[in-house]
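Scroll down for the structure; my scribbles are underneath it.
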There are 2 protein chains.
Amino acid sequence: MLKVAQDSKESGSTSSALIQALEDDILHNVLKPGDRLDEQALAKRFEVSRTPVREALRHLASSGLVEIRRNQGAMVRRLTTTELIEMFQVMAELEGLCARLCARRMSEEELAEMRKHNTVCEERAAAGDHDGFFDANTDFHETIYTGARSTYLQDEVRKLRNRVNVYRRHITFQPRRMTRTVAEHWKIVKAIEAGEEDDAHQFMREHVDLLAGSAADVLLTLEAKNSS
Amino acid sequence: MLKVAQDSKESGSTSSALIQALEDDILHNVLKPGDRLDEQALAKRFEVSRTPVREALRHLASSGLVEIRRNQGAMVRRLTTTELIEMFQVMAELEGLCARLCARRMSEEELAEMRKHNTVCEERAAAGDHDGFFDANTDFHETIYTGARSTYLQDEVRKLRNRVNVYRRHITFQPRRMTRTVAEHWKIVKAIEAGEEDDAHQFMREHVDLLAGSAADVLLTLEAKNSS
DNA sequence: TTCTGTGGGATTGTATGCAATTTTTGATCT
DNA sequence: AGATCAAAAATTGCATACAATCCCACAGAA
């Protein structure tokens, strides 16, 4: 599932394919925060002219993944600790809303799928499989986005999740984080199943808010390392 | 404060000026939802080539104001009733978070300013001054965005508010809406002053949620008219 | 040695030209 | 008259060329 973009022969309609490829590279940390994105270099690499590259960069810029400074080119956006915390706070609120809507709207099938995903989380956590846990966890949250049945909300949450994902991946590597996450998930599942929308909202908000703290720790650690 | 972009001699660095000008035109309803945005026409109107126009359109597209379909050009995005409701719901959540943070963080000066803005709202409502009320109301909410002291949150809320503003303006024209709004504002003010963050959050969410309902009514009315 | 100013190189911003796709128009057939 | 298909016109997508701006190195002076 985690397929990194192939450099050569990236086919499909150039422009949107480019955006996708670059986004993937950033999200999967092939292009790291702070990396400079040279238009000519990218043009040569993808075998297109600078025009579509520019358009792709502009697009990524307004989605927040890259930063463009006038006459100074583009670079992969590097988030400050403060920004990351702020984002998690917003994400907590938005995922809380998702959970609330799920409590109102989820079908039996969706509920079953949600439970299943958290069961997988539980298994992988027990096995100490961090990468597997990360994916199962993603699936769990993804189910909740879909279950909210609000296209706008879904899109916004996904966009936000993408932006913090680079840093987020590190968090699951923290000790005891996985088992705690699973427990929090079950609380949320129970609230949604019971149709307790206020609880669902609150539990989810707290769940994501906790990540914010961990994320801040992780980032501060990274910053300390990079300040060499 | 509400200055519409001048057509002729739009100076400043072309590209960002273009984006601003187009955005203003859309936000102030000079360019109406559904209007086609012809690249050449815009290029001629702003006396630049198609390239910067294209970039501006792409930018507006990814901020959601315009819609681009492959090989079919750009048009001002027309929101469906469903989308508008979904947006208000998210906005309610986000403004709720703002209010919560205000309850924690606002300075005395900011509190005073907030009260002042709502007093102005009250006066204009009493005077039946709809446009004036709209502006004062904007100021009130703006104060709360700033008071939250979260740049990311501020930006997101403003972006969202911009997108729904075109439709929002109609709402204050509804009978009794203004006086109710003022009362709701006072409740929020009181909660923030008291540092009751949960109340502040909830009251603000309800306040904006009510708008969602009104917005839906307005939009459905508009759609009925346009279906001729 | 350090600071400042100038020049060259590199990179971004804009203009224009050509290819590809879509839409419109008009002619023909039913 | 209405429908269908084809060709032309218009519009978008991409490539390339040129202009403007910025960065960096190097030289000269304090």
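Naming scheme: A, B, ... for chains in displayed order of the structure tokens; residues 1 onward per chain; ligands 1 onward as shown.
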
Check every residue of chain B for an atom within 9 Å of chain D, counting only C-alpha atoms (C1' of nucleotides), and provide those that qualify as a PyMOL selection string.
chain B and resi 38-40+70-73

Restricting it to C-alpha atoms, dump the selection as a short mmCIF file (atom, residue, chain, number, x, y, z; two decimals), in the first residue's frame.
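Result file out.cif:
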```cif
data_model
loop_
_atom_site.label_atom_id
_atom_site.label_comp_id
_atom_site.auth_asym_id
_atom_site.auth_seq_id
_atom_site.Cartn_x
_atom_site.Cartn_y
_atom_site.Cartn_z
CA ASP B 38 -11.66 32.77 -19.26
CA GLU B 39 -7.87 32.83 -19.12
CA GLN B 40 -7.42 35.09 -22.12
CA ARG B 70 -9.46 19.42 -17.15
CA ASN B 71 -9.56 21.09 -20.55
CA GLN B 72 -12.73 22.90 -19.59
CA GLY B 73 -11.42 25.93 -17.82
#
```

Can you list every residue of chain B that has an atom at most 10 Å from chain C, with its nearest atom pair and the distance in Å to one decimal, using only C-alpha atoms (C1' of nucleotides), ordered by chain then number, as a tab-separated table?
```
residue	atom	partner	partner_atom	distance
B:Ser13	CA	C:DG13	C1'	10.0
B:Thr14	CA	C:DT14	C1'	9.4
B:Ser15	CA	C:DG13	C1'	8.9
B:Val48	CA	C:DT14	C1'	8.3
B:Ser49	CA	C:DA15	C1'	6.1
B:Arg50	CA	C:DA15	C1'	8.3
B:Thr51	CA	C:DT14	C1'	6.9
B:Pro52	CA	C:DT14	C1'	7.3
B:Arg70	CA	C:DT21	C1'	9.4
B:Asn71	CA	C:DT21	C1'	6.5
B:Gln72	CA	C:DT22	C1'	7.2
```

Can those selected residues be exported to a file as a compact mmCIF listing (two decimals), in the first residue's frame so that it contains N, CA, C and O atoms?
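Below is the file that was written, selection-v6.txt:
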```txt
# COMPACT_ATOMS: atom_id res chain seq x y z
N SER B 13 3.32 43.44 -7.45
CA SER B 13 3.87 42.27 -8.14
C SER B 13 2.71 41.43 -8.68
O SER B 13 1.87 40.95 -7.94
N THR B 14 2.73 41.29 -9.97
CA THR B 14 1.60 40.77 -10.74
C THR B 14 0.87 39.60 -10.11
O THR B 14 -0.34 39.67 -9.91
N SER B 15 1.62 38.55 -9.81
CA SER B 15 0.96 37.30 -9.48
C SER B 15 0.10 37.38 -8.22
O SER B 15 -1.10 37.09 -8.27
N VAL B 48 -1.72 41.25 -18.41
CA VAL B 48 -0.60 40.34 -18.24
C VAL B 48 -0.80 39.17 -19.19
O VAL B 48 -1.81 39.11 -19.90
N SER B 49 0.15 38.23 -19.19
CA SER B 49 -0.01 37.09 -20.06
C SER B 49 -0.84 36.02 -19.36
O SER B 49 -1.26 36.17 -18.22
N ARG B 50 -1.08 34.94 -20.07
CA ARG B 50 -1.94 33.90 -19.51
C ARG B 50 -1.26 33.17 -18.34
O ARG B 50 -1.94 32.68 -17.44
N THR B 51 0.06 33.09 -18.37
CA THR B 51 0.77 32.31 -17.35
C THR B 51 0.42 32.71 -15.91
O THR B 51 -0.01 31.87 -15.13
N PRO B 52 0.60 33.97 -15.55
CA PRO B 52 0.24 34.33 -14.16
C PRO B 52 -1.24 34.15 -13.86
O PRO B 52 -1.61 33.83 -12.73
N ARG B 70 -10.47 19.65 -16.12
CA ARG B 70 -9.46 19.42 -17.15
C ARG B 70 -9.96 19.78 -18.55
O ARG B 70 -10.97 19.26 -19.01
N ASN B 71 -9.23 20.66 -19.19
CA ASN B 71 -9.56 21.09 -20.55
C ASN B 71 -10.91 21.79 -20.66
O ASN B 71 -11.45 21.92 -21.74
N GLN B 72 -11.45 22.23 -19.53
CA GLN B 72 -12.73 22.90 -19.59
C GLN B 72 -12.71 24.24 -18.84
O GLN B 72 -13.75 24.87 -18.68
```

What residues in range 68-135 of chain A get the DSSP label helix (DSSP H, G or I)? Please answer as a count of residues only.
51

Do me a favour and pick out the residues of chain A within 8 Å of chain B, using only C-alpha atoms, as a list in words.
Glu55, Arg58, His59, Ser62, Ser63, Glu83, Glu86, Met87, Val90, Glu93, Leu94, Leu97, Ser150, Thr151, Tyr152 and Leu153 of chain A

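Of note, CA of Ala200 in chain A and CA of Glu184 in chain B are spaced 26.0 Å apart.
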
Assign secondary structure with DSSP using the backbone only, and return the residues of range 24-136 of chain B in strand (DSSP E) as a PyMOL selection string.
chain B and resi 36-37+66-69+73-76

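One distance worth recording is that between CA of Arg77 in chain B and CA of Leu37 in chain B, which is 10.6 Å.
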
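Here CA of Gln154 in chain A is placed at a distance of 19.8 Å from CA of Val208 in chain B.
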
Mind checking which residues fall within 12 Å of range 116-123 of chain B, counting only C-alpha atoms (C1' of nucleotides), ignoring those fewer than 5 positions away in the same chain, and posting them as number ranges by chain?
B: 109-111, 128-144, 172, 177-190
